[in-house]
>>> print(open('final32.pdb').read())   # PDB, C-alpha atoms, pLDDT in the B column
ATOM      1  CA  MET A   1      92.936  12.738 -80.649  1.00 87.00           C
ATOM      2  CA  GLN A   2      89.464  14.069 -79.871  1.00 93.00           C
ATOM      3  CA  LYS A   3      87.409  14.571 -76.722  1.00 93.00           C
ATOM      4  CA  TYR A   4      83.748  13.586 -76.182  1.00 94.00           C
ATOM      5  CA  GLU A   5      81.231  14.385 -73.454  1.00 93.00           C
ATOM      6  CA  PHE A   6      79.024  11.492 -72.319  1.00 90.00           C
ATOM      7  CA  CYS A   7      76.089  11.550 -69.947  1.00 90.00           C
ATOM      8  CA  LEU A   8      74.861   8.257 -68.489  1.00 87.00           C
ATOM      9  CA  ALA A   9      71.647   7.661 -66.553  1.00 86.00           C
ATOM     10  CA  THR A  10      72.262   6.842 -62.886  1.00 78.00           C
ATOM     11  CA  ARG A  11      69.417   4.374 -62.481  1.00 81.00           C
ATOM     12  CA  ASP A  12      69.085   2.880 -65.967  1.00 84.00           C
ATOM     13  CA  PRO A  13      71.757   1.503 -68.310  1.00 85.00           C
ATOM     14  CA  ASP A  14      71.245   4.325 -70.816  1.00 91.00           C
ATOM     15  CA  ILE A  15      73.526   6.829 -72.534  1.00 93.00           C
ATOM     16  CA  THR A  16      71.463  10.003 -72.438  1.00 91.00           C
ATOM     17  CA  TRP A  17      73.894  12.457 -74.067  1.00 93.00           C
ATOM     18  CA  ILE A  18      76.909  12.456 -76.370  1.00 95.00           C
ATOM     19  CA  SER A  19      78.656  15.603 -77.526  1.00 94.00           C
ATOM     20  CA  GLY A  20      81.766  15.931 -79.641  1.00 95.00           C
ATOM     21  CA  PRO A  21      84.270  15.750 -80.995  1.00 95.00           C
ATOM     22  CA  HIS A  22      85.892  18.592 -79.080  1.00 95.00           C
ATOM     23  CA  LYS A  23      89.521  19.686 -78.966  1.00 94.00           C
ATOM     24  CA  PRO A  24      91.312  17.781 -76.178  1.00 93.00           C
ATOM     25  CA  SER A  25      92.558  21.087 -74.752  1.00 93.00           C
ATOM     26  CA  ARG A  26      88.998  22.346 -74.164  1.00 93.00           C
ATOM     27  CA  HIS A  27      88.157  22.144 -70.462  1.00 91.00           C
ATOM     28  CA  ASP A  28      85.289  19.836 -69.408  1.00 91.00           C
ATOM     29  CA  ILE A  29      83.214  22.599 -67.858  1.00 92.00           C
ATOM     30  CA  THR A  30      83.645  24.745 -70.988  1.00 94.00           C
ATOM     31  CA  VAL A  31      82.240  21.900 -73.095  1.00 94.00           C
ATOM     32  CA  PHE A  32      79.363  21.480 -70.611  1.00 93.00           C
ATOM     33  CA  ARG A  33      78.523  25.207 -70.577  1.00 94.00           C
ATOM     34  CA  GLY A  34      78.973  25.766 -74.308  1.00 95.00           C
ATOM     35  CA  GLY A  35      81.579  28.437 -73.657  1.00 93.00           C
ATOM     36  CA  ASP A  36      83.962  29.646 -71.005  1.00 90.00           C
ATOM     37  CA  ALA A  37      83.322  32.166 -68.239  1.00 87.00           C
ATOM     38  CA  SER A  38      84.357  35.065 -70.484  1.00 93.00           C
ATOM     39  CA  VAL A  39      81.401  34.382 -72.812  1.00 93.00           C
ATOM     40  CA  LYS A  40      77.977  35.696 -71.772  1.00 94.00           C
ATOM     41  CA  VAL A  41      75.442  32.915 -71.153  1.00 92.00           C
ATOM     42  CA  GLU A  42      73.228  34.226 -73.965  1.00 95.00           C
ATOM     43  CA  GLU A  43      76.141  33.958 -76.428  1.00 96.00           C
ATOM     44  CA  ARG A  44      77.195  30.406 -75.555  1.00 96.00           C
ATOM     45  CA  ASP A  45      76.458  27.344 -77.682  1.00 96.00           C
ATOM     46  CA  GLN A  46      72.795  26.698 -76.839  1.00 96.00           C
ATOM     47  CA  SER A  47      73.108  23.047 -77.883  1.00 95.00           C
ATOM     48  CA  ALA A  48      75.468  22.377 -74.927  1.00 95.00           C
ATOM     49  CA  LEU A  49      74.309  20.002 -72.180  1.00 95.00           C
ATOM     50  CA  TYR A  50      74.008  22.949 -69.751  1.00 94.00           C
ATOM     51  CA  PHE A  51      71.048  24.226 -71.766  1.00 95.00           C
ATOM     52  CA  GLN A  52      69.449  20.801 -72.255  1.00 94.00           C
ATOM     53  CA  LEU A  53      68.915  20.028 -68.571  1.00 93.00           C
ATOM     54  CA  GLU A  54      65.380  20.559 -67.378  1.00 91.00           C
ATOM     55  CA  GLU A  55      64.544  22.424 -64.171  1.00 90.00           C
ATOM     56  CA  GLY A  56      65.796  20.410 -61.188  1.00 89.00           C
ATOM     57  CA  GLU A  57      67.943  18.009 -63.229  1.00 90.00           C
ATOM     58  CA  LYS A  58      71.590  17.645 -62.259  1.00 88.00           C
ATOM     59  CA  CYS A  59      74.594  15.762 -63.531  1.00 89.00           C
ATOM     60  CA  VAL A  60      77.334  13.999 -61.582  1.00 86.00           C
ATOM     61  CA  GLY A  61      80.803  15.103 -62.598  1.00 85.00           C
ATOM     62  CA  ASP A  62      84.420  14.925 -61.564  1.00 83.00           C
ATOM     63  CA  ALA A  63      86.436  17.813 -60.129  1.00 81.00           C
ATOM     64  CA  GLY A  64      86.650  19.415 -63.589  1.00 82.00           C
ATOM     65  CA  TYR A  65      82.986  20.444 -63.195  1.00 85.00           C
ATOM     66  CA  ALA A  66      83.275  21.944 -59.698  1.00 83.00           C
ATOM     67  CA  GLY A  67      82.478  25.476 -60.918  1.00 81.00           C
ATOM     68  CA  GLU A  68      78.855  24.667 -61.778  1.00 83.00           C
ATOM     69  CA  PRO A  69      77.130  23.720 -58.468  1.00 82.00           C
ATOM     70  CA  SER A  70      73.619  24.571 -59.674  1.00 85.00           C
ATOM     71  CA  LYS A  71      73.730  21.887 -62.393  1.00 90.00           C
ATOM     72  CA  ILE A  72      76.457  19.405 -61.395  1.00 88.00           C
ATOM     73  CA  VAL A  73      77.140  17.415 -58.229  1.00 85.00           C
ATOM     74  CA  VAL A  74      80.805  16.677 -57.512  1.00 84.00           C
ATOM     75  CA  THR A  75      82.425  14.787 -54.646  1.00 79.00           C
ATOM     76  CA  LYS A  76      83.241  16.953 -51.637  1.00 80.00           C
ATOM     77  CA  ASP A  77      84.999  16.101 -48.371  1.00 79.00           C
ATOM     78  CA  GLU A  78      81.928  16.860 -46.244  1.00 83.00           C
ATOM     79  CA  GLN A  79      79.686  14.350 -48.070  1.00 82.00           C
ATOM     80  CA  SER A  80      78.969  10.999 -46.455  1.00 85.00           C
ATOM     81  CA  SER A  81      81.004   7.999 -47.570  1.00 86.00           C
ATOM     82  CA  GLU A  82      77.775   6.365 -48.822  1.00 85.00           C
ATOM     83  CA  PHE A  83      76.994   9.359 -51.037  1.00 81.00           C
ATOM     84  CA  LYS A  84      80.571   9.478 -52.350  1.00 78.00           C
ATOM     85  CA  GLU A  85      80.329   5.772 -53.182  1.00 81.00           C
ATOM     86  CA  PHE A  86      77.071   6.412 -55.085  1.00 78.00           C
ATOM     87  CA  LEU A  87      78.716   9.231 -57.065  1.00 75.00           C
ATOM     88  CA  ALA A  88      81.740   7.065 -57.838  1.00 72.00           C
ATOM     89  CA  ARG A  89      79.727   4.306 -59.441  1.00 70.00           C
TER      90      ARG A  89
END
>>> encode(input="final32.pdb", output="structure tokens")
Amino acid sequence: MQKYEFCLATRDPDITWISGPHKPSRHDITVFRGGDASVKVEERDQSALYFQLEEGEKCVGDAGYAGEPSKIVVTKDEQSSEFKEFLAR
């Protein structure tokens, strides 16, 4: 069994990113960042999606990405139901 990271456009029917295979035990945010929190940013895998996002770009992710608020939007209780519905689609 392998794990893959996919990134889909929110307004167009396009797959914009595929990464993998990764070990299933590797956490989602570790795949996204190209390394875990114990690895300095400069020493992480620079081909990871984290490093491919341009200034101001963000991804929508599930709770597994909650530790990266500058690059990923996740559902939070205080968000409006309309916004949560947008994220869920």
>>> atom_distance(input="final32.pdb", atom1="CA of His22 in chain A", atom2="CA of Met1 in chain A")
9.3 Å
>>> atom_distance(input="final32.pdb", atom1="CA of Ala9 in chain A", atom2="CA of Lys40 in chain A")
29.2 Å
>>> resolve_selection(input="final32.pdb", expression="the PyMOL selection byres ((chain A and resi 72) around 6)", output="PyMOL selection string")
chain A and resi 58-60+68-69+71+73
>>> atom_distance(input="final32.pdb", atom1="CA of Ser47 in chain A", atom2="CA of Ser19 in chain A")
9.3 Å
>>> closest_residue(input="final32.pdb", among="A:Val39, A:Lys84, A:Tyr50, A:Asp77", to="Tyr65 in chain A", atoms="all atoms listed in the file")
A:Tyr50
>>> closest_residue(input="final32.pdb", among="A:Trp17, A:Phe6, A:Phe32, A:Phe86", to="Ala66 in chain A", atoms="all atoms listed in the file")
A:Phe32
>>> decode(input="final32.pdb", residues="chain A", atoms="C-alpha atoms", output="PDB file, in the first residue's frame")
ATOM      1  CA  MET A   1       0.000   0.000   0.000  1.00  0.00           C
ATOM      2  CA  GLN A   2       1.279   3.465  -0.891  1.00  0.00           C
ATOM      3  CA  LYS A   3       0.172   7.020  -0.165  1.00  0.00           C
ATOM      4  CA  TYR A   4      -0.126   9.895  -2.675  1.00  0.00           C
ATOM      5  CA  GLU A   5      -0.649  13.635  -2.274  1.00  0.00           C
ATOM      6  CA  PHE A   6      -3.075  15.254  -4.728  1.00  0.00           C
ATOM      7  CA  CYS A   7      -3.855  18.915  -5.208  1.00  0.00           C
ATOM      8  CA  LEU A   8      -6.992  19.870  -7.138  1.00  0.00           C
ATOM      9  CA  ALA A   9      -7.943  23.322  -8.408  1.00  0.00           C
ATOM     10  CA  THR A  10     -10.944  24.792  -6.582  1.00  0.00           C
ATOM     11  CA  ARG A  11     -12.462  26.582  -9.554  1.00  0.00           C
ATOM     12  CA  ASP A  12     -11.394  24.408 -12.492  1.00  0.00           C
ATOM     13  CA  PRO A  13     -11.579  20.628 -12.940  1.00  0.00           C
ATOM     14  CA  ASP A  14      -7.788  20.273 -12.897  1.00  0.00           C
ATOM     15  CA  ILE A  15      -5.317  18.155 -10.939  1.00  0.00           C
ATOM     16  CA  THR A  16      -2.519  20.610 -10.243  1.00  0.00           C
ATOM     17  CA  TRP A  17      -0.172  18.416  -8.176  1.00  0.00           C
ATOM     18  CA  ILE A  18       0.592  14.748  -7.577  1.00  0.00           C
ATOM     19  CA  SER A  19       3.322  13.535  -5.260  1.00  0.00           C
ATOM     20  CA  GLY A  20       4.201   9.989  -4.308  1.00  0.00           C
ATOM     21  CA  PRO A  21       4.357   7.225  -3.622  1.00  0.00           C
ATOM     22  CA  HIS A  22       5.002   7.831   0.065  1.00  0.00           C
ATOM     23  CA  LYS A  23       4.989   5.392   2.968  1.00  0.00           C
ATOM     24  CA  PRO A  24       1.449   5.164   4.392  1.00  0.00           C
ATOM     25  CA  SER A  25       2.827   5.892   7.869  1.00  0.00           C
ATOM     26  CA  ARG A  26       4.186   9.294   6.781  1.00  0.00           C
ATOM     27  CA  HIS A  27       1.946  12.061   8.115  1.00  0.00           C
ATOM     28  CA  ASP A  28       0.156  14.291   5.567  1.00  0.00           C
ATOM     29  CA  ILE A  29       1.755  17.501   6.781  1.00  0.00           C
ATOM     30  CA  THR A  30       5.213  15.884   6.661  1.00  0.00           C
ATOM     31  CA  VAL A  31       4.637  14.997   3.002  1.00  0.00           C
ATOM     32  CA  PHE A  32       3.411  18.557   2.331  1.00  0.00           C
ATOM     33  CA  ARG A  33       6.407  20.177   4.061  1.00  0.00           C
ATOM     34  CA  GLY A  34       9.020  17.785   2.689  1.00  0.00           C
ATOM     35  CA  GLY A  35      10.099  16.850   6.199  1.00  0.00           C
ATOM     36  CA  ASP A  36       8.886  16.887   9.762  1.00  0.00           C
ATOM     37  CA  ALA A  37       9.247  19.647  12.343  1.00  0.00           C
ATOM     38  CA  SER A  38      12.608  18.278  13.504  1.00  0.00           C
ATOM     39  CA  VAL A  39      14.145  19.007  10.079  1.00  0.00           C
ATOM     40  CA  LYS A  40      15.241  22.583   9.346  1.00  0.00           C
ATOM     41  CA  VAL A  41      13.287  24.181   6.487  1.00  0.00           C
ATOM     42  CA  GLU A  42      16.479  24.567   4.441  1.00  0.00           C
ATOM     43  CA  GLU A  43      17.161  20.816   4.735  1.00  0.00           C
ATOM     44  CA  ARG A  44      13.697  19.608   3.719  1.00  0.00           C
ATOM     45  CA  ASP A  45      12.825  18.141   0.323  1.00  0.00           C
ATOM     46  CA  GLN A  46      12.600  21.284  -1.826  1.00  0.00           C
ATOM     47  CA  SER A  47      10.393  19.494  -4.366  1.00  0.00           C
ATOM     48  CA  ALA A  48       7.569  19.244  -1.773  1.00  0.00           C
ATOM     49  CA  LEU A  49       4.327  21.138  -2.432  1.00  0.00           C
ATOM     50  CA  TYR A  50       5.148  23.551   0.429  1.00  0.00           C
ATOM     51  CA  PHE A  51       7.986  24.969  -1.666  1.00  0.00           C
ATOM     52  CA  GLN A  52       6.020  25.032  -4.930  1.00  0.00           C
ATOM     53  CA  LEU A  53       3.291  27.406  -3.761  1.00  0.00           C
ATOM     54  CA  GLU A  54       3.720  30.957  -4.947  1.00  0.00           C
ATOM     55  CA  GLU A  55       3.355  33.960  -2.641  1.00  0.00           C
ATOM     56  CA  GLY A  56      -0.272  34.232  -1.504  1.00  0.00           C
ATOM     57  CA  GLU A  57      -1.309  30.770  -2.719  1.00  0.00           C
ATOM     58  CA  LYS A  58      -2.960  28.445  -0.221  1.00  0.00           C
ATOM     59  CA  CYS A  59      -4.257  24.909  -0.203  1.00  0.00           C
ATOM     60  CA  VAL A  60      -7.377  23.497   1.435  1.00  0.00           C
ATOM     61  CA  GLY A  61      -6.657  20.519   3.648  1.00  0.00           C
ATOM     62  CA  ASP A  62      -8.198  18.303   6.273  1.00  0.00           C
ATOM     63  CA  ALA A  63      -7.309  18.337   9.971  1.00  0.00           C
ATOM     64  CA  GLY A  64      -4.017  16.553   9.221  1.00  0.00           C
ATOM     65  CA  TYR A  65      -2.691  19.862   7.831  1.00  0.00           C
ATOM     66  CA  ALA A  66      -3.753  22.076  10.752  1.00  0.00           C
ATOM     67  CA  GLY A  67      -0.147  22.878  11.728  1.00  0.00           C
ATOM     68  CA  GLU A  68       0.539  24.948   8.602  1.00  0.00           C
ATOM     69  CA  PRO A  69      -1.840  27.973   8.751  1.00  0.00           C
ATOM     70  CA  SER A  70       0.297  30.180   6.499  1.00  0.00           C
ATOM     71  CA  LYS A  71      -0.106  27.810   3.526  1.00  0.00           C
ATOM     72  CA  ILE A  72      -3.189  25.666   4.223  1.00  0.00           C
ATOM     73  CA  VAL A  73      -6.789  26.489   5.129  1.00  0.00           C
ATOM     74  CA  VAL A  74      -8.572  23.906   7.282  1.00  0.00           C
ATOM     75  CA  THR A  75     -12.112  23.860   8.652  1.00  0.00           C
ATOM     76  CA  LYS A  76     -12.479  25.554  12.030  1.00  0.00           C
ATOM     77  CA  ASP A  77     -15.503  25.903  14.314  1.00  0.00           C
ATOM     78  CA  GLU A  78     -15.571  29.705  14.039  1.00  0.00           C
ATOM     79  CA  GLN A  79     -15.885  29.711  10.222  1.00  0.00           C
ATOM     80  CA  SER A  80     -19.271  30.351   8.650  1.00  0.00           C
ATOM     81  CA  SER A  81     -21.307  27.364   7.500  1.00  0.00           C
ATOM     82  CA  GLU A  82     -21.095  28.690   3.914  1.00  0.00           C
ATOM     83  CA  PHE A  83     -17.293  28.757   4.053  1.00  0.00           C
ATOM     84  CA  LYS A  84     -17.162  25.270   5.588  1.00  0.00           C
ATOM     85  CA  GLU A  85     -19.423  24.018   2.794  1.00  0.00           C
ATOM     86  CA  PHE A  86     -17.074  25.568   0.199  1.00  0.00           C
ATOM     87  CA  LEU A  87     -14.068  23.864   1.822  1.00  0.00           C
ATOM     88  CA  ALA A  88     -15.890  20.533   1.948  1.00  0.00           C
ATOM     89  CA  ARG A  89     -16.579  20.431  -1.760  1.00  0.00           C
TER      90      ARG A  89
END
